[in-house]
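Trainee: Can you keep this structure in mind? I'll have questions shortly.
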Amino acid sequence: MSILTSPRGKVEVVHCRRTESQDVYCIKSLIRKFTQKLFGKLNIIYLLEKANLAVTLCNDKEEIMAHASFLDYPNWNVAKQDNWVPVFQELDSEIPCTPLNTLFMHLFVAVDEYSMGCCKEIIRTVFKAVPELHFIFLIVPSYMSLGSTLITVFDQVGNIPCLTYSEEFAVHICHRHNHFPQLHIRRARVEDHDDLMPIFMRYDTILKETYGDYFLAELIEAQDEENHAVVCEVEGKAVGFMNVCSRVDLPLLHECFDLGPFHGLCVPHPDDVLEPPQEYSVQEIQDALLSDGRDSQKIDKKPQEPISLEVTESIQEKVMEEAASRELLSAVHSITSSEMQDTELSKASIVDGQYHCISSESSSSLWLPKEPSPFRPLYRGDSTAFCIQLFCIDENYEARSLDFMSFVFNLFPDKNFCMISLPHLTPEFALIQNFVKIVPFNSCTLEHDLYVFHRAGLLKSINIRLATVMDTSGVEQLVSTLMLNKLILEDLTRFNEACRDPDGTPLQAFVAEVAEQIVGIAVIRNEMDIEYIRSHYNIEDFIYFSHHQREEHGRLHHFALNPIFRHYTKFFLKEILRLGYKSCLYYPIYPQSRESKFQNPYAHSLTSALHYLVPVRPRRQIVYPLEKLGINAPSKAVSKDPPGYALNHTNRKLTLEPKITVNARIVVVGASSVGISFLETLVFCSHLKFNNLTLISTHGLPGKKLLDHEKRKFLASDHCFNDKDYALMSLCSWVNVVVGRMIGIDRAAKHVVVSNNEIVFYDHLILCTGQQYQVPCPTGVDIRQHLTNREVEDSSKQRYTGKVPCNLFIVNDEEDCFDTLTWIRNNSIITED
């Protein structure tokens with residue numbers, strides 16, 4: 001909330017929000033002739049569809065006071081959409097503008113009486129909403145003045161010519177430091193106590209109650225080589241505090257979290273054990289059994305040699321100057337790329353306490369023993385991490401929280417990782433949105449989530465561009481351990497050779513580059529089934545379809561990004577849209593069959609950017625009598641019935657729109673229609689991101705057996721969901737599945753006990769076991785007496801606890817149906833010779 005005062009003394013309380021489609025008519029009413037001369041004649045709906053960021057200023061009565069639209073390329077056709085950077089760098093070489101730190105204002109309108117205050121409030125809000133943003137450019141005809149409002153925030157840089165006709169345009173710039181500057185970070189002093197305590201007390205009073213009124217002053221005085229306290233100040237007043245410590249309990253973290261992608265937060269050591277010992281193969285076991293005892297040879301079980309990695313000692317001031325050393329990026333690449341996994345299997349099933357991931361390799365080895373314990377890598381190197389022990393900041397400056405990181409990394413020049421742990425129910429704040437959330441092991445008992453940030457994540461020199469032949473080796477090294485790395489490399493080769501698929505579909509490949517190192521790869525194709533998507537999915541919940549041309553729709557096939565730079569995922573997607581001249585991207589997730597192979601031959605690796613996309617709900621379809629309709633039948637593009645898939649989507653409007661992250665552990669017991677519907681509701685919340693959804697079910701997620709229509713007649717159905725509905729939801733991409741039966745609930749400890757005494761912790765427990773058929777209890781009467789139903793005692797409330805006959809089946813779900821049919825085929829159906 002802000003207060004605006006007009007020249008006549010009138011006061012308005014205003015707030016900023018994202019522009020909505022119903023604001024169009026009010027925005028049009030604010031357009032004047034002067035506005036059209038500055039920005040040209042614009043189609044407001046079209047502009048809002050293509051804008052990366054559209055902001056509307058409203059008063060307390062929700063009346064629109066002002067509006068501004070910002071895009072990532074210039075207007076008036078002064079430069080091409082995909083190649084404007086050289087033009088503006090030549091205009092003024094002292095302005096380090098890049099696609100990461102620059103936006104262009106394409107429209108500004110406001111109520112005349114409050115226009116000056118509205119303009120400053122919108123500009124401040126935009127800089128606050130996009131922390132990486134440093135420059136906003138405004139391009140107008142050179143013969144036009146900016147007027148009394150825009151001239152207060154923009155300064156002229158120079159003139160550039162137009163590409164289409166002979167006319168020059170004036171370029172004006174607005175700098176961040178004039179509206180929402182970066183914070184000044186320094187070491188904490190005892191004198192900062194009085195400024196910081198009100199901020200602490202606003203969030204938490206436990207520390208004061210536990211350690212006394214002056215715990216903060218004592219903490220600042222206790223600084224040494226391992227403990228440091230820093231503050232951020234504005235106009236000489238401390239508005240934020242961070243306490244960091246280099247003492248980290250790494251053995252505990254290694255037991256609870258999968259730190260493999262970051263080499264255990266340790267310096268590489270020759271004695272590191274990164275791979276489990278080689279297993280006995282079937283052939284080796286047979287040879288050992290057939291050979292004499294005296295001639296038997298021991299099977300070599302030497303572990304694979306660990307990869308040697310180089311880690312630089314520090315970047316220090318080079319990080320501030322964005323001049324990253326190649327050695328650091330090389331070490332970063334080696335550490336992370338060797339451990340990257342397809343997020344296709346990021347939500348693994350847990351069976352009897354063990355993770356079971358789908359593998360494309362055939363199981364040709366015999367595991368000994370039969371119940372192996374989970375392998376934990378052993379890291380013998382020194383710790384290369386420090387932790388944040390205490391952090392708080394005034395909410396007005398929370399968006400600049402990342403400004404702390406460069407300073408604290410300089411305090412520990414020999415450390416490359418910063419980590420922070422938070423309780424599950426802590427709302428995600430601005431600082432940890434730049435961190436990578438670490439996946440916990442299923443045996444983890446800590447009540448905290450762990451987040452990690454690498455020193456190289458401070459680099460702002462990331463560059464997204466079209467791939468070339470010279471990038472092949474870098475991409476090959478990046479994706480070497482991914483399951484579908486061959487498909488990625490094949491698509492990259494096709495792009496470099498012809499920019500098309502064998503069937504003629506246009507193909508584009510993009511790479512992310514930092515300090516001349518390839519840290520990301522993305523491959524897109526033109527979306528050819530756009531009519532099918534429009535008719536089968538509620539895509540118009542997110543876009544106005546008529547304002548997007550056919551060639552502006554693309555399909556994301558591959559996306560891999562080094563985890564250290566994962567906070568740049570949205571920027572990568574935004575650049576794909578800009579450089580590829582696209583406005584929408586779609587990502588389909590095809591279901592998998594029982595053999596763990598993709599049903600569709602064109603299925604591709606699930607992008608690590610899935611959480612940055614929004615799932616699109618499928619549309620209920622009309623069953624057309626095609627034969628009766630004849631020539632009036634819908635086109636084959638609409639009526640065809642290909643394998644169903646779950647659709648995910650992003651567009652230009654969503655590239656700068658954040659999601660609210662929910663880390664609460666939500667456990668659903670039972671894959672009934674209610675349980676599936678509950679999970680579906682959470683998954684399809686486009687503005688929320690649930691990180692800890694868990695389903696406990698006897699047979700896991702339904703829809704895996706793919707029963708045909710005849711077999712489904714054995715099941716009693718409520719017609720809520722069928723196999724196609726499960727495929728269109730793809731809950732396996734969002735939900736952790738625990739295969740087992742819940743046998744107990746400990747409400748005090750907040751966990752449930754699953755079969756084999758496995759424990760699943762929860763913050764919110766949802767019981768949706770559903771109605772189920774039970775084994776009938778025999779009445780015990782003598783059938784030779786020919787009794788009637790009236791003469792038999794009611795046994796409906798009795799429970800049968802004896803041994804169930806092998807030919808009695810209670811068919812509750814598809815697994816029971818499949819088992820029943822298998823038994824009937826094997827025992828009751830006699831084939832004739």
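So you can find residues: chains in the structure tokens are A, B, ... in the order shown, residues in each start at 1, and ligands are numbered from 1 in order.
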Neighbouring residues of Val511 (chain A) were defined as those with any atom within 7 Å, considering only C-alpha atoms; residues of the same chain fewer than 3 positions away were excluded. Please report them as a PyMOL selection string.
Mentor: chain A and resi 464-467+518+520-522
Trainee: Using only C-alpha atoms, which protein or nucleic acid residues come within 8 Å of region 28-38 of chain A? Drop anything in the same chain fewer than 2 positions from it, and give the result as number ranges by chain.
Mentor: A: 24-26, 40-42, 44, 66, 108-111, 140-141, 144, 146
Trainee: Now that the selection is made, can you save its residues with N, CA and C atoms as a PDB file, in the first residue's frame?
Mentor:
ATOM      1  N   VAL A  24      -9.116  -4.329 -19.414  1.00  0.00           N
ATOM      2  CA  VAL A  24      -8.866  -3.756 -20.745  1.00  0.00           C
ATOM      3  C   VAL A  24      -9.697  -2.499 -20.981  1.00  0.00           C
ATOM      4  N   TYR A  25     -10.975  -2.524 -20.634  1.00  0.00           N
ATOM      5  CA  TYR A  25     -11.838  -1.383 -20.938  1.00  0.00           C
ATOM      6  C   TYR A  25     -11.432  -0.153 -20.136  1.00  0.00           C
ATOM      7  N   CYS A  26     -11.041  -0.341 -18.889  1.00  0.00           N
ATOM      8  CA  CYS A  26     -10.587   0.800 -18.089  1.00  0.00           C
ATOM      9  C   CYS A  26      -9.270   1.355 -18.617  1.00  0.00           C
ATOM     10  N   GLY A  40       2.253   4.653 -30.132  1.00  0.00           N
ATOM     11  CA  GLY A  40       1.596   4.147 -31.324  1.00  0.00           C
ATOM     12  C   GLY A  40       0.200   3.629 -31.006  1.00  0.00           C
ATOM     13  N   LYS A  41      -0.526   3.289 -32.053  1.00  0.00           N
ATOM     14  CA  LYS A  41      -1.860   2.719 -31.872  1.00  0.00           C
ATOM     15  C   LYS A  41      -1.714   1.236 -31.512  1.00  0.00           C
ATOM     16  N   LEU A  42      -2.208   0.891 -30.351  1.00  0.00           N
ATOM     17  CA  LEU A  42      -1.986  -0.448 -29.814  1.00  0.00           C
ATOM     18  C   LEU A  42      -3.301  -1.186 -29.625  1.00  0.00           C
ATOM     19  N   ILE A  44      -4.824  -3.332 -27.107  1.00  0.00           N
ATOM     20  CA  ILE A  44      -4.513  -3.560 -25.704  1.00  0.00           C
ATOM     21  C   ILE A  44      -4.553  -5.042 -25.351  1.00  0.00           C
ATOM     22  N   ALA A  66      -3.692   3.547 -12.924  1.00  0.00           N
ATOM     23  CA  ALA A  66      -2.621   3.577 -13.928  1.00  0.00           C
ATOM     24  C   ALA A  66      -2.323   2.159 -14.383  1.00  0.00           C
ATOM     25  N   PHE A 108       2.239   3.157 -21.125  1.00  0.00           N
ATOM     26  CA  PHE A 108       1.963   3.703 -19.795  1.00  0.00           C
ATOM     27  C   PHE A 108       0.784   4.669 -19.909  1.00  0.00           C
ATOM     28  N   VAL A 109      -0.213   4.438 -19.070  1.00  0.00           N
ATOM     29  CA  VAL A 109      -1.368   5.336 -18.988  1.00  0.00           C
ATOM     30  C   VAL A 109      -1.695   5.538 -17.515  1.00  0.00           C
ATOM     31  N   ALA A 110      -2.262   6.693 -17.203  1.00  0.00           N
ATOM     32  CA  ALA A 110      -2.589   6.982 -15.814  1.00  0.00           C
ATOM     33  C   ALA A 110      -3.655   8.061 -15.751  1.00  0.00           C
ATOM     34  N   VAL A 111      -4.323   8.132 -14.617  1.00  0.00           N
ATOM     35  CA  VAL A 111      -5.241   9.239 -14.350  1.00  0.00           C
ATOM     36  C   VAL A 111      -4.423  10.525 -14.285  1.00  0.00           C
ATOM     37  N   VAL A 140      10.682   6.324 -27.956  1.00  0.00           N
ATOM     38  CA  VAL A 140       9.617   7.180 -28.505  1.00  0.00           C
ATOM     39  C   VAL A 140      10.158   7.892 -29.739  1.00  0.00           C
ATOM     40  N   PRO A 141       9.291   8.400 -30.613  1.00  0.00           N
ATOM     41  CA  PRO A 141       9.773   9.180 -31.763  1.00  0.00           C
ATOM     42  C   PRO A 141      10.630  10.357 -31.302  1.00  0.00           C
ATOM     43  N   MET A 144       9.205  13.749 -30.335  1.00  0.00           N
ATOM     44  CA  MET A 144       8.246  13.833 -29.236  1.00  0.00           C
ATOM     45  C   MET A 144       8.967  14.038 -27.908  1.00  0.00           C
ATOM     46  N   LEU A 146       8.697  13.605 -23.702  1.00  0.00           N
ATOM     47  CA  LEU A 146       8.087  12.593 -22.847  1.00  0.00           C
ATOM     48  C   LEU A 146       6.915  13.123 -22.033  1.00  0.00           C
TER      49      LEU A 146
END
Trainee: Please run DSSP on the backbone and report, as a PyMOL selection string, all residues within region 643-832 of chain A that come out as helix (DSSP H, G or I).
Mentor: chain A and resi 652-654+673-683+709-712+723-729+731-733+755-757+783-785+789-791+814-827
Trainee: Given only C-alpha atoms as the basis, pick out the residue of A:Phe571, A:Phe441, A:Tyr73, A:Phe417 nearest to Lys50 (chain A).
Mentor: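 Counting only C-alpha atoms, the residue closest to Lys50 (chain A) is A:Tyr73.
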Trainee: Could you pull out the residues in region 488-600 of chain A that DSSP calls strand (DSSP E) from the backbone, as a PyMOL selection string?
Mentor: chain A and resi 507-514+517-526+553-561+584-589
Trainee: Generate a file of the selected residues that holds N, CA and C atoms, formatted as a CSV table (one decimal), in the first residue's frame.
Mentor:
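Saved file out14.csv follows:
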chain,number,residue,atom,x,y,z
A,507,LEU,N,12.6,-27.1,-36.1
A,507,LEU,CA,13.3,-27.5,-34.9
A,507,LEU,C,14.2,-26.4,-34.4
A,508,GLN,N,14.3,-26.2,-33.1
A,508,GLN,CA,15.2,-25.2,-32.6
A,508,GLN,C,15.9,-25.7,-31.3
A,509,ALA,N,17.2,-25.4,-31.2
A,509,ALA,CA,17.9,-25.9,-30.0
A,509,ALA,C,18.6,-24.6,-29.4
A,510,PHE,N,18.5,-24.5,-28.1
A,510,PHE,CA,19.1,-23.4,-27.4
A,510,PHE,C,20.1,-23.9,-26.3
A,511,VAL,N,21.1,-23.1,-26.1
A,511,VAL,CA,22.0,-23.5,-25.0
A,511,VAL,C,22.2,-22.3,-24.1
A,512,ALA,N,22.4,-22.6,-22.8
A,512,ALA,CA,22.7,-21.6,-21.8
A,512,ALA,C,24.2,-21.7,-21.5
A,513,GLU,N,24.9,-20.5,-21.5
A,513,GLU,CA,26.3,-20.5,-21.5
A,513,GLU,C,26.7,-19.5,-20.3
A,514,VAL,N,27.6,-19.9,-19.5
A,514,VAL,CA,28.2,-19.1,-18.5
A,514,VAL,C,29.7,-19.2,-18.5
A,517,GLN,N,31.1,-21.9,-20.7
A,517,GLN,CA,30.8,-23.2,-20.3
A,517,GLN,C,29.3,-23.5,-20.6
A,518,ILE,N,29.0,-24.6,-21.2
A,518,ILE,CA,27.6,-25.0,-21.5
A,518,ILE,C,27.0,-25.5,-20.2
A,519,VAL,N,25.9,-24.8,-19.7
A,519,VAL,CA,25.3,-25.2,-18.5
A,519,VAL,C,23.8,-25.6,-18.7
A,520,GLY,N,23.3,-25.5,-19.9
A,520,GLY,CA,21.9,-25.8,-20.1
A,520,GLY,C,21.7,-26.1,-21.6
A,521,ILE,N,20.6,-26.9,-21.9
A,521,ILE,CA,20.2,-27.2,-23.2
A,521,ILE,C,18.7,-27.3,-23.3
A,522,ALA,N,18.1,-26.8,-24.3
A,522,ALA,CA,16.7,-26.9,-24.5
A,522,ALA,C,16.4,-27.1,-26.0
A,523,VAL,N,15.5,-28.0,-26.3
A,523,VAL,CA,15.1,-28.3,-27.7
A,523,VAL,C,13.6,-28.1,-27.8
A,524,ILE,N,13.1,-27.3,-28.8
A,524,ILE,CA,11.7,-27.1,-29.0
A,524,ILE,C,11.4,-27.4,-30.5
A,525,ARG,N,10.1,-27.7,-30.8
A,525,ARG,CA,9.6,-27.9,-32.1
A,525,ARG,C,8.3,-27.1,-32.2
A,526,ASN,N,8.0,-26.8,-33.4
A,526,ASN,CA,6.7,-26.1,-33.7
A,526,ASN,C,5.6,-27.1,-33.3
A,553,HIS,N,3.2,-21.1,-31.5
A,553,HIS,CA,3.1,-22.2,-30.5
A,553,HIS,C,4.2,-23.2,-30.7
A,554,GLY,N,4.9,-23.5,-29.6
A,554,GLY,CA,6.0,-24.4,-29.7
A,554,GLY,C,5.8,-25.6,-28.6
A,555,ARG,N,6.5,-26.7,-28.9
A,555,ARG,CA,6.5,-27.8,-28.0
A,555,ARG,C,7.9,-28.0,-27.4
A,556,LEU,N,8.0,-28.0,-26.1
A,556,LEU,CA,9.2,-28.2,-25.4
A,556,LEU,C,9.5,-29.7,-25.3
A,557,HIS,N,10.6,-30.1,-25.9
A,557,HIS,CA,11.0,-31.5,-26.0
A,557,HIS,C,12.0,-31.9,-25.0
A,558,HIS,N,13.0,-31.1,-24.8
A,558,HIS,CA,14.1,-31.4,-23.9
A,558,HIS,C,14.5,-30.1,-23.1
A,559,PHE,N,14.8,-30.2,-21.9
A,559,PHE,CA,15.3,-29.1,-21.1
A,559,PHE,C,16.2,-29.6,-20.0
A,560,ALA,N,17.4,-29.3,-20.0
A,560,ALA,CA,18.3,-29.7,-18.9
A,560,ALA,C,19.2,-28.4,-18.5
A,561,LEU,N,19.2,-28.2,-17.2
A,561,LEU,CA,19.9,-27.0,-16.7
A,561,LEU,C,20.7,-27.4,-15.5
A,584,CYS,N,3.9,-19.2,-26.8
A,584,CYS,CA,3.4,-20.3,-26.0
A,584,CYS,C,4.3,-21.5,-26.1
A,585,LEU,N,4.5,-22.2,-25.0
A,585,LEU,CA,5.2,-23.5,-25.0
A,585,LEU,C,4.4,-24.5,-24.3
A,586,TYR,N,4.4,-25.7,-24.9
A,586,TYR,CA,3.6,-26.8,-24.3
A,586,TYR,C,4.5,-28.0,-24.0
A,587,TYR,N,4.2,-28.7,-23.0
A,587,TYR,CA,5.0,-29.8,-22.6
A,587,TYR,C,4.1,-31.0,-22.3
A,588,PRO,N,4.0,-32.0,-23.2
A,588,PRO,CA,3.1,-33.2,-22.9
A,588,PRO,C,3.9,-34.2,-22.1
A,589,ILE,N,3.2,-34.9,-21.2
A,589,ILE,CA,3.8,-36.0,-20.4
A,589,ILE,C,3.0,-37.3,-20.8
Trainee: Rounded to one decimal, what separation in Å do you get between CA of Ala217 (chain A) and CA of Asp195 (chain A)?
Mentor: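 That distance, rounded to one decimal, is 11.4 Å.
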Trainee: Fewer than 2 positions away in the same chain doesn't count, so skip those; otherwise give me all residues within 7 Å of region 801-815 of chain A, counting only C-alpha atoms, as a list in words.
Mentor: Lys705, Leu715, Gln772, Tyr773, Gln774, Val775, Arg799, Cys817, Phe818, Asp819 and Thr820 of chain A
Trainee: Near His228 (chain A), counting only C-alpha atoms, which residues have an atom at most 10 Å away, once you skip same-chain residues fewer than 4 positions from it, shown as a list in words?
Mentor: Arg187, Ala188, Leu219, Ile220, Glu221, Ala222, Gln223, Asp224, Met242, Asn243, Val244, Cys245, Ser246, Ile388, Val408, Leu411 and Phe412 of chain A
Trainee: Would you kindly return, as a list of chain:residue names, each protein, DNA or RNA residue with an atom no farther than 7 Å from any atom of Leu274 (chain A), considering only C-alpha atoms and excluding same-chain residues fewer than 2 positions away?
Mentor: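 Contacts, with the query itself left out: A:Asp272, A:Pro276, A:Pro306, A:Pro377, A:Leu378.
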Trainee: Since we have the selection now, will you write its residues out, keeping N, CA, C and O atoms, as a PDB file, in the first residue's frame?
Mentor:
ATOM      1  N   ASP A 272      37.247 -40.849  -1.985  1.00  0.00           N
ATOM      2  CA  ASP A 272      35.792 -40.784  -1.997  1.00  0.00           C
ATOM      3  C   ASP A 272      35.212 -42.053  -2.608  1.00  0.00           C
ATOM      4  O   ASP A 272      35.733 -42.575  -3.605  1.00  0.00           O
ATOM      5  N   PRO A 276      28.380 -47.655  -5.622  1.00  0.00           N
ATOM      6  CA  PRO A 276      28.320 -48.900  -4.846  1.00  0.00           C
ATOM      7  C   PRO A 276      29.234 -49.944  -5.457  1.00  0.00           C
ATOM      8  O   PRO A 276      29.571 -49.881  -6.643  1.00  0.00           O
ATOM      9  N   PRO A 306      36.661 -42.599  -8.584  1.00  0.00           N
ATOM     10  CA  PRO A 306      35.892 -41.346  -8.566  1.00  0.00           C
ATOM     11  C   PRO A 306      36.417 -40.360  -9.591  1.00  0.00           C
ATOM     12  O   PRO A 306      37.593 -40.374  -9.954  1.00  0.00           O
ATOM     13  N   PRO A 377      26.893 -42.541  -0.563  1.00  0.00           N
ATOM     14  CA  PRO A 377      28.271 -42.197  -0.933  1.00  0.00           C
ATOM     15  C   PRO A 377      29.071 -41.773   0.290  1.00  0.00           C
ATOM     16  O   PRO A 377      28.527 -41.252   1.268  1.00  0.00           O
ATOM     17  N   LEU A 378      30.375 -42.005   0.235  1.00  0.00           N
ATOM     18  CA  LEU A 378      31.272 -41.657   1.327  1.00  0.00           C
ATOM     19  C   LEU A 378      32.226 -40.579   0.838  1.00  0.00           C
ATOM     20  O   LEU A 378      32.984 -40.786  -0.109  1.00  0.00           O
TER      21      LEU A 378
END
Trainee: Please list as JSON, numbers by chain every residue within 7 Å of Ala399 (chain A), counting only C-alpha atoms and excluding residues in the same chain fewer than 4 positions away.
Mentor: {"A": [128, 131, 430]}
